[in-house]
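Below is one structure; the comments refer to it alone.
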Protein chains: 2
Amino acid sequence: MRTVGSAHADVIVVGAGIVGLGIAWALAESGRSVCVVDPHPAQGATYAAAGMLAAVSELHYQEDDLLRLMLSSAALYPRFIESLPGGAAATGYQTTETLVVGSDSGDRQALADLHTVQQRHGLDVVPLSVREARQREQLLSPQLSCAFVVADDHQVDPRMLAAHLLAELGAMPGGQTSVVRATARGVIHEDEGDLDSRVIGVDLDDGTRLLAQEVIVANGLGAARLAGLPGSLALPLRPVYGDILRLRVPDNLRTLLSATVRGLVRGVPVYLVPRADGTLVIGATSREDSLLGVSAGGMYQLLRDAQALVPAVAELELLETTARARPATPDNAPLLGRVASAQGDMIPGLVVATGFYRHGVLLTPIAADICRRIIEGEDVPDAHCFRPDRFSSPLRKELS
Amino acid sequence: MRTVGSAHADVIVVGAGIVGLGIAWALAESGRSVCVVDPHPAQGATYAAAGMLAAVSELHYQEDDLLRLMLSSAALYPRFIESLPGGAAATGYQTTETLVVGSDSGDRQALADLHTVQQRHGLDVVPLSVREARQREQLLSPQLSCAFVVADDHQVDPRMLAAHLLAELGAMPGGQTSVVRATARGVIHEDEGDLDSRVIGVDLDDGTRLLAQEVIVANGLGAARLAGLPGSLALPLRPVYGDILRLRVPDNLRTLLSATVRGLVRGVPVYLVPRADGTLVIGATSREDSLLGVSAGGMYQLLRDAQALVPAVAELELLETTARARPATPDNAPLLGRVASAQGDMIPGLVVATGFYRHGVLLTPIAADICRRIIEGEDVPDAHCFRPDRFSSPLRKELS
């Protein structure tokens, strides 16, 4: 086996999706040397994501811990973007508002119920009449049943953000950071025979060994396939596929939309995210079928429901159809933090950061912040509920 | 100006779409040396075409000359395919039947009226009950209003056919044929000051001159932009855009369809063409708007109407969306043959073959045959009605 010299980094981050890149950036900013490992950086869920920073309108019932995490991360976003040399211009960060609209009377009831819960949480969601909504966005259909405005739900362009992070990580002086385009086969332990012993690096599929003080497993669905994770650790990740469309707004229809529009159309969610470059992103289905590629039925549903909210969508040019899997967990919350050994001690050198499901882009700053604090030796009580071993037998016993 | 030596061909064909390639092949077969000129061979309408050879089911009212041409070309297809070294296997030629189905009662009436006209022309179109149609194709919707079977409407794969023709033309011994990847700027006349004098070649956009006994203008919509055409010749070509989808049928749904299915869904045509490789082609819209790319509304319409005929389309994987312009003419028939000068003589050295609109793939063998016969000095009375100058003033006067 070869051991490459440059690989004696402080931290190895496995996975260069938006979460892995964000973590690497935060660690590099705090002065650590970081090596990111990914065969195809930013080509997974990040490549498809619409980039809504929708802590408020993504609220789901009974997910209070997750809501708290999302709100914390949304609050960190401005500082996170400012920390990047290119700032908002290089990342597509926009603080425009989000309109939430319903199509039929059932949608109105569902969104009114959600609004009650949002108010209970003190969230800023203001009901509008359909007329008021159409004064803000003139191309909204007059056939809507209800409308709300959410001032605090913003957007970023995940492809721009990831490309900028990759470029900045590659450009840091003195080789403080590096991006290795390879697949991590597994984590390496200090005592090779003991999967509960300290993690000291990763080995790549070409046999190369990379060594570090800490390894952060942030490769989405791939985390569950990584060799060498503690035997007691179950990472219950499953793929939830999403189809997404990118369209060009012809000059005669600009500006089609100023705000992001999220809708419920006969109970099915759809969203329309206008980019500064005149394109529109429409998403997103949630499929748990076996179709890896773009679903014809999913595409049909998105075009149908987007037109129900904004009829002029029919006049746009279809630029791209994409499907990707998101790493989902049983409780829709991420797997984030250190992992206990069978003896109940935390395994040194190992942090897990995966399972971000529909919220990877939004949760990037808080995930980066929590990982940095954990690696600096801090206890982060707010994150205990997201421990990656909460579905594994020893912790399940401990928590019950 | 440079004159390239290899360019002293018997014939120059401007345009390497399916029609130009077919003409070049027929001329090469008859022993002539041929040079085909196109900056991007087979990337125009040919690239999008579904390849239905649907002389019978494409019958339109009041287009008797065109029907006769289509039937003649369909009859030539087997021999045309056999003339190619790769035959049916290399061109996707399949003689499976076509089912024509209607969705609602209006569609049933429209198809019944069409059937009356088809019978009057002696065409082989057999009415089926919906039950009989579903015995042939089990995944057809039970919600159809009518069905017919057309035994003589077949298919070819235009991309395969064009690629095979290109390869064969490039591989002919002794440099008898060549493909020049460049844009023809215009035709060159023997007397440079007289656009009615003999055509002796073409000049390319890099200044190169190619010389030949005969020039065949077969570059679709580009024909109208070619310099040097007779001043009295108007080529009334307009772009009619079509959107088309390519989908993959998952293993568990094969064989989705055996026959080509053409439908009328609430008055709007849609067709589903199953390929031997397990893909399905769905088309095609006819748009005369200004959108050059794929239309979101067109895509929606195709998916909606295809699902109305074959609900399992929702389960397919979307592989590709394509839009291309077809060169349409005022009477939907091609512009095919020699052109008269202002004095009424035919201009030597010039043949036009464009305006094939929705029928380029089907009409390729007959267009090739007619061009070959014209160049051999034969009069082709059957083709007089397609003369390219029939919309130009001198001939309009003569015909009126």
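By order in the structure tokens, chains are A, B, ...; within a chain, residues start at 1; ligands start at 1, following the order shown.
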
List every residue of chain A that has an atom at most 9 Å from any atom of chain B, giving for each one its closest atom pair and the distance in Å to one decimal, counting only C-alpha atoms, sorted by chain and then by ascending residue number, as CSV.
```
residue,atom,partner,partner_atom,distance
A:Leu247,CA,B:Ala296,CA,7.8
A:Pro250,CA,B:Leu291,CA,8.2
A:Leu291,CA,B:Glu317,CA,7.0
A:Leu292,CA,B:Glu317,CA,8.2
A:Gly293,CA,B:Glu317,CA,5.8
A:Val294,CA,B:Leu318,CA,5.2
A:Ser295,CA,B:Glu317,CA,4.8
A:Ala296,CA,B:Ala314,CA,5.1
A:Gly297,CA,B:Ala314,CA,3.8
A:Gly298,CA,B:Ala314,CA,7.5
A:Met299,CA,B:Tyr300,CA,8.1
A:Tyr300,CA,B:Tyr300,CA,5.9
A:Gln301,CA,B:Tyr300,CA,8.8
A:Leu303,CA,B:Tyr300,CA,6.0
A:Arg304,CA,B:Tyr300,CA,6.9
A:Gln307,CA,B:Gly297,CA,8.7
A:Ala312,CA,B:Gly297,CA,8.9
A:Val313,CA,B:Ala296,CA,6.9
A:Ala314,CA,B:Gly297,CA,3.8
A:Glu315,CA,B:Gly297,CA,6.2
A:Leu316,CA,B:Ala296,CA,5.5
A:Glu317,CA,B:Ser295,CA,4.8
A:Leu318,CA,B:Val294,CA,5.2
A:Leu319,CA,B:Val294,CA,7.3
A:Glu320,CA,B:Thr321,CA,8.6
A:Thr321,CA,B:Leu318,CA,8.4
```

Name the residues of region 86-157 of chain B that come out as strand (DSSP E or B) in a backbone DSSP run; write them as a list in words.
->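 Matching residues for strand (DSSP E or B) in region 86-157 of chain B are Gln94, Thr98, Leu99, Val100, Val101, Gly102, Val125, Val126, Pro127, Leu128, Cys146, Ala147, Phe148, Val149, Val150, His154 and Gln155 of chain B.
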
Just the residues within 6 Å of Ala353 (chain B), please, counting only C-alpha atoms, with nothing from its chain fewer than 4 positions along; format it as a list in words.
->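 These residues fall inside the cut-off: Val217, Ala218, Leu335 and Leu336 of chain B.
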
Go ahead and compute the interatomic distance for CA of Val199 (chain B) and CA of Ala212 (chain B), in Å to one decimal.
->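 Between these atoms lies a distance of 8.5 Å.
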
Mind checking which residues fall within 9 Å of Pro158 (chain A), counting only C-alpha atoms, ignoring those fewer than 6 positions away in the same chain, and posting them as a PyMOL selection string?
-> chain A and resi 18+42+46-51+91-92+361

Counting only C-alpha atoms, the option among A:Leu21, A:Val187, A:Ala224, A:Leu128 closest to Thr329 (chain A) |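 Comparing A:Leu21, A:Val187, A:Ala224, A:Leu128 against Thr329 (chain A), the winner is A:Ala224.
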
With the cut-off set at 9 Å and counting only C-alpha atoms, tabulate each residue of region 8-54 of chain B with an atom at most that distance from an atom of region 165-185 of chain B, showing the nearest atom pair and its distance in Å to one decimal, ordered by chain and increasing number, as CSV.
```
residue,atom,partner,partner_atom,distance
B:Ala9,CA,B:Gln176,CA,8.1
B:Val14,CA,B:Ala184,CA,6.9
B:Gly15,CA,B:Ala184,CA,8.7
B:Ala16,CA,B:Leu166,CA,8.3
B:Ile18,CA,B:Leu165,CA,8.6
B:Leu21,CA,B:Leu165,CA,6.3
B:Gly22,CA,B:Leu165,CA,7.3
B:Ala24,CA,B:Leu169,CA,8.0
B:Trp25,CA,B:Leu169,CA,6.9
B:Ala28,CA,B:Thr177,CA,7.0
B:Gly31,CA,B:Gln176,CA,8.5
B:Arg32,CA,B:Gln176,CA,7.4
B:Ser33,CA,B:Gln176,CA,4.6
B:Val34,CA,B:Thr177,CA,4.7
B:Cys35,CA,B:Ser178,CA,4.8
B:Val36,CA,B:Val179,CA,4.7
B:Val37,CA,B:Val180,CA,4.8
B:Asp38,CA,B:Arg181,CA,5.0
B:Pro39,CA,B:Ala182,CA,4.2
B:His40,CA,B:Arg181,CA,6.6
B:Pro41,CA,B:Arg181,CA,7.5
B:Ala42,CA,B:Leu166,CA,8.7
```

Using only C-alpha atoms, which residues sit within 6 Å of region 106-116 of chain B once same-chain residues fewer than 2 positions away are excluded, as a list in words?
->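 Neighbouring residues, sequence-local ones excluded: Gly102, Ser103, Asp104, Gln118, Gln119, Ser145, Cys146, Leu264 and Gly267 of chain B.
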
The selected residues should be written to file as a JSON list (two decimals), in the first residue's frame (atoms: N, CA, C and O atoms).
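Dumped to selection-v4.json:
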```json
[["chain", "number", "residue", "atom", "x", "y", "z"],
["B", 102, "GLY", "N", -58.05, 6.71, -31.52],
["B", 102, "GLY", "CA", -58.64, 7.98, -31.12],
["B", 102, "GLY", "C", -58.99, 7.95, -29.64],
["B", 102, "GLY", "O", -59.22, 6.88, -29.08],
["B", 103, "SER", "N", -59.03, 9.13, -29.03],
["B", 103, "SER", "CA", -59.26, 9.20, -27.59],
["B", 103, "SER", "C", -60.73, 9.50, -27.26],
["B", 103, "SER", "O", -61.38, 8.73, -26.56],
["B", 104, "ASP", "N", -61.28, 10.57, -27.78],
["B", 104, "ASP", "CA", -62.67, 10.88, -27.43],
["B", 104, "ASP", "C", -63.57, 10.76, -28.66],
["B", 104, "ASP", "O", -63.13, 10.32, -29.73],
["B", 118, "GLN", "N", -59.47, 7.48, -47.01],
["B", 118, "GLN", "CA", -58.45, 6.44, -47.24],
["B", 118, "GLN", "C", -59.02, 5.32, -48.10],
["B", 118, "GLN", "O", -58.38, 4.83, -49.03],
["B", 119, "GLN", "N", -60.27, 4.94, -47.80],
["B", 119, "GLN", "CA", -60.91, 3.88, -48.59],
["B", 119, "GLN", "C", -61.09, 4.32, -50.04],
["B", 119, "GLN", "O", -60.89, 3.55, -50.97],
["B", 145, "SER", "N", -61.52, 5.57, -28.07],
["B", 145, "SER", "CA", -62.82, 5.66, -28.73],
["B", 145, "SER", "C", -62.85, 4.87, -30.03],
["B", 145, "SER", "O", -63.92, 4.53, -30.52],
["B", 146, "CYS", "N", -61.70, 4.57, -30.62],
["B", 146, "CYS", "CA", -61.67, 3.85, -31.90],
["B", 146, "CYS", "C", -60.25, 3.39, -32.19],
["B", 146, "CYS", "O", -59.31, 3.86, -31.55],
["B", 264, "LEU", "N", -54.98, 10.39, -31.98],
["B", 264, "LEU", "CA", -55.56, 11.72, -31.94],
["B", 264, "LEU", "C", -56.17, 11.82, -30.54],
["B", 264, "LEU", "O", -57.01, 10.99, -30.16],
["B", 267, "GLY", "N", -58.29, 15.87, -30.51],
["B", 267, "GLY", "CA", -57.97, 16.62, -31.72],
["B", 267, "GLY", "C", -56.50, 16.86, -31.97],
["B", 267, "GLY", "O", -56.13, 17.38, -33.01]]
```

Do you know which residues are at most 12 Å from Gly122 (chain A) counting only C-alpha atoms, after dropping those on the same chain fewer than 5 positions away, and could you put them as a PDB file with N, CA and C atoms, in the first residue's frame?
```
ATOM      1  N   VAL A  56     -38.631  27.940   6.891  1.00  0.00           N
ATOM      2  CA  VAL A  56     -39.998  28.191   7.338  1.00  0.00           C
ATOM      3  C   VAL A  56     -40.994  27.364   6.526  1.00  0.00           C
ATOM      4  N   LEU A  67     -36.618  21.489  12.654  1.00  0.00           N
ATOM      5  CA  LEU A  67     -36.977  22.892  12.411  1.00  0.00           C
ATOM      6  C   LEU A  67     -35.966  23.819  13.075  1.00  0.00           C
ATOM      7  N   ARG A  68     -35.622  23.501  14.322  1.00  0.00           N
ATOM      8  CA  ARG A  68     -34.650  24.321  15.054  1.00  0.00           C
ATOM      9  C   ARG A  68     -33.320  24.356  14.310  1.00  0.00           C
ATOM     10  N   LEU A  71     -33.687  26.505  11.125  1.00  0.00           N
ATOM     11  CA  LEU A  71     -33.722  27.944  11.428  1.00  0.00           C
ATOM     12  C   LEU A  71     -32.336  28.451  11.815  1.00  0.00           C
ATOM     13  N   HIS A 115     -50.102  26.819   8.538  1.00  0.00           N
ATOM     14  CA  HIS A 115     -49.899  28.180   9.014  1.00  0.00           C
ATOM     15  C   HIS A 115     -50.132  28.271  10.516  1.00  0.00           C
ATOM     16  N   THR A 116     -51.113  27.540  11.022  1.00  0.00           N
ATOM     17  CA  THR A 116     -51.371  27.515  12.464  1.00  0.00           C
ATOM     18  C   THR A 116     -50.133  27.014  13.217  1.00  0.00           C
ATOM     19  N   VAL A 117     -49.541  25.953  12.706  1.00  0.00           N
ATOM     20  CA  VAL A 117     -48.343  25.400  13.347  1.00  0.00           C
ATOM     21  C   VAL A 117     -47.183  26.390  13.232  1.00  0.00           C
TER      22      VAL A 117
END
```

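From CA of Glu214 (chain B) back to CA of Arg198 (chain B), the distance works out to 9.2 Å.
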
Enumerate as a PDB file with C-alpha atoms, in the first residue's frame all residues of region 149-367 of chain A assigned to helix (DSSP H, G or I) by DSSP on the backbone, naming them with the chain letters and numbers the document uses.
```
ATOM      1  CA  PRO A 158     -26.071  25.080  -5.362  1.00  0.00           C
ATOM      2  CA  ARG A 159     -24.019  24.524  -8.518  1.00  0.00           C
ATOM      3  CA  MET A 160     -22.472  27.986  -8.259  1.00  0.00           C
ATOM      4  CA  LEU A 161     -21.909  27.610  -4.522  1.00  0.00           C
ATOM      5  CA  ALA A 162     -20.291  24.184  -4.892  1.00  0.00           C
ATOM      6  CA  ALA A 163     -18.116  25.299  -7.822  1.00  0.00           C
ATOM      7  CA  HIS A 164     -16.999  28.348  -5.853  1.00  0.00           C
ATOM      8  CA  LEU A 165     -16.177  26.281  -2.769  1.00  0.00           C
ATOM      9  CA  LEU A 166     -14.244  23.792  -4.907  1.00  0.00           C
ATOM     10  CA  ALA A 167     -12.296  26.562  -6.597  1.00  0.00           C
ATOM     11  CA  GLU A 168     -11.490  28.291  -3.304  1.00  0.00           C
ATOM     12  CA  LEU A 169     -10.432  25.040  -1.644  1.00  0.00           C
ATOM     13  CA  GLY A 170      -8.196  24.315  -4.610  1.00  0.00           C
ATOM     14  CA  PRO A 173      -2.083  28.929  -0.319  1.00  0.00           C
ATOM     15  CA  GLY A 174       0.538  26.482   0.886  1.00  0.00           C
ATOM     16  CA  GLY A 175      -1.459  23.383   0.025  1.00  0.00           C
ATOM     17  CA  GLY A 220     -24.400  11.059   1.304  1.00  0.00           C
ATOM     18  CA  LEU A 221     -25.797   7.654   0.358  1.00  0.00           C
ATOM     19  CA  GLY A 222     -22.239   6.394  -0.143  1.00  0.00           C
ATOM     20  CA  ALA A 223     -21.640   6.574   3.625  1.00  0.00           C
ATOM     21  CA  ALA A 224     -23.538   3.341   4.165  1.00  0.00           C
ATOM     22  CA  ARG A 225     -21.196   1.555   1.714  1.00  0.00           C
ATOM     23  CA  ASP A 251     -36.941  37.729 -23.217  1.00  0.00           C
ATOM     24  CA  ASN A 252     -40.583  38.678 -23.785  1.00  0.00           C
ATOM     25  CA  LEU A 253     -41.609  36.937 -20.543  1.00  0.00           C
ATOM     26  CA  ALA A 296     -41.504  10.672 -17.547  1.00  0.00           C
ATOM     27  CA  GLY A 297     -44.405  10.672 -15.097  1.00  0.00           C
ATOM     28  CA  GLY A 298     -42.495  12.936 -12.711  1.00  0.00           C
ATOM     29  CA  MET A 299     -41.675  15.357 -15.497  1.00  0.00           C
ATOM     30  CA  TYR A 300     -45.322  15.412 -16.559  1.00  0.00           C
ATOM     31  CA  GLN A 301     -46.477  16.086 -13.009  1.00  0.00           C
ATOM     32  CA  LEU A 302     -44.026  18.967 -12.552  1.00  0.00           C
ATOM     33  CA  LEU A 303     -45.015  20.627 -15.836  1.00  0.00           C
ATOM     34  CA  ARG A 304     -48.702  20.147 -15.094  1.00  0.00           C
ATOM     35  CA  ASP A 305     -48.565  21.539 -11.570  1.00  0.00           C
ATOM     36  CA  ALA A 306     -46.160  24.374 -12.391  1.00  0.00           C
ATOM     37  CA  GLN A 307     -48.547  25.489 -15.152  1.00  0.00           C
ATOM     38  CA  ALA A 308     -51.433  25.353 -12.679  1.00  0.00           C
ATOM     39  CA  LEU A 309     -49.597  27.995 -10.616  1.00  0.00           C
ATOM     40  CA  PRO A 311     -49.599  29.256 -16.819  1.00  0.00           C
ATOM     41  CA  ALA A 312     -46.824  31.008 -18.759  1.00  0.00           C
ATOM     42  CA  VAL A 313     -44.510  28.103 -17.883  1.00  0.00           C
ATOM     43  CA  ALA A 314     -45.842  26.551 -21.117  1.00  0.00           C
ATOM     44  CA  GLU A 315     -44.018  29.272 -23.074  1.00  0.00           C
ATOM     45  CA  TYR A 357     -32.294  14.442   2.586  1.00  0.00           C
ATOM     46  CA  ARG A 358     -34.130  17.496   1.176  1.00  0.00           C
ATOM     47  CA  HIS A 359     -32.191  19.953   3.334  1.00  0.00           C
ATOM     48  CA  GLY A 360     -28.527  19.589   2.441  1.00  0.00           C
ATOM     49  CA  VAL A 361     -28.119  23.035   0.915  1.00  0.00           C
ATOM     50  CA  LEU A 362     -29.944  24.810   3.734  1.00  0.00           C
ATOM     51  CA  LEU A 363     -28.167  22.826   6.489  1.00  0.00           C
ATOM     52  CA  THR A 364     -24.638  23.264   5.115  1.00  0.00           C
ATOM     53  CA  PRO A 365     -23.604  26.194   7.361  1.00  0.00           C
ATOM     54  CA  ILE A 366     -24.882  24.593  10.568  1.00  0.00           C
ATOM     55  CA  ALA A 367     -23.416  21.205   9.654  1.00  0.00           C
TER      56      ALA A 367
END
```

CA of Thr208 (chain B) to CA of Ser341 (chain B), straight-line distance in Å |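 It comes out at 26.5 Å.
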
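Distance check against Ile374 (chain B) using only C-alpha atoms: of B:Leu99, B:Ala90, B:Ala328, B:Leu350, the minimum falls on B:Leu350.
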
Tell me which protein, DNA and RNA residues are within 8 Å of Thr95 (chain B), counting only C-alpha atoms, leaving out same-chain ones fewer than 6 positions away, and put them as a ChimeraX atom specification.
-> /B:152-155

Can I get the selected residues back with N, CA, C and O atoms, as a short mmCIF file (atom, residue, chain, number, x, y, z; two decimals), in the first residue's frame?
```cif
data_model
loop_
_atom_site.label_atom_id
_atom_site.label_comp_id
_atom_site.auth_asym_id
_atom_site.auth_seq_id
_atom_site.Cartn_x
_atom_site.Cartn_y
_atom_site.Cartn_z
N ASP B 152 -49.26 -1.26 -43.83
CA ASP B 152 -48.17 -0.83 -44.72
C ASP B 152 -47.36 0.35 -44.19
O ASP B 152 -46.42 0.79 -44.87
N ASP B 153 -47.71 0.87 -43.01
CA ASP B 153 -46.93 1.99 -42.47
C ASP B 153 -45.85 1.45 -41.53
O ASP B 153 -46.16 0.88 -40.48
N HIS B 154 -44.60 1.64 -41.89
CA HIS B 154 -43.47 1.02 -41.20
C HIS B 154 -42.59 2.07 -40.53
O HIS B 154 -43.02 3.19 -40.33
N GLN B 155 -41.36 1.69 -40.17
CA GLN B 155 -40.46 2.67 -39.57
C GLN B 155 -39.00 2.38 -39.91
O GLN B 155 -38.62 1.26 -40.24
#
```

Find, counting only C-alpha atoms, the residue in A:Ala276, A:Leu204, A:Val261, A:Leu27 that gets nearest to Ala88 (chain A).
->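 The shortest atom-to-atom distance to Ala88 (chain A) comes from A:Ala276.
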
Point out the residue among A:Asn219, A:Ser129, A:Asp64, A:Arg134 with the least atom-to-atom distance to Cys385 (chain A), counting only C-alpha atoms.
->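 Nearest to Cys385 (chain A): A:Asp64.
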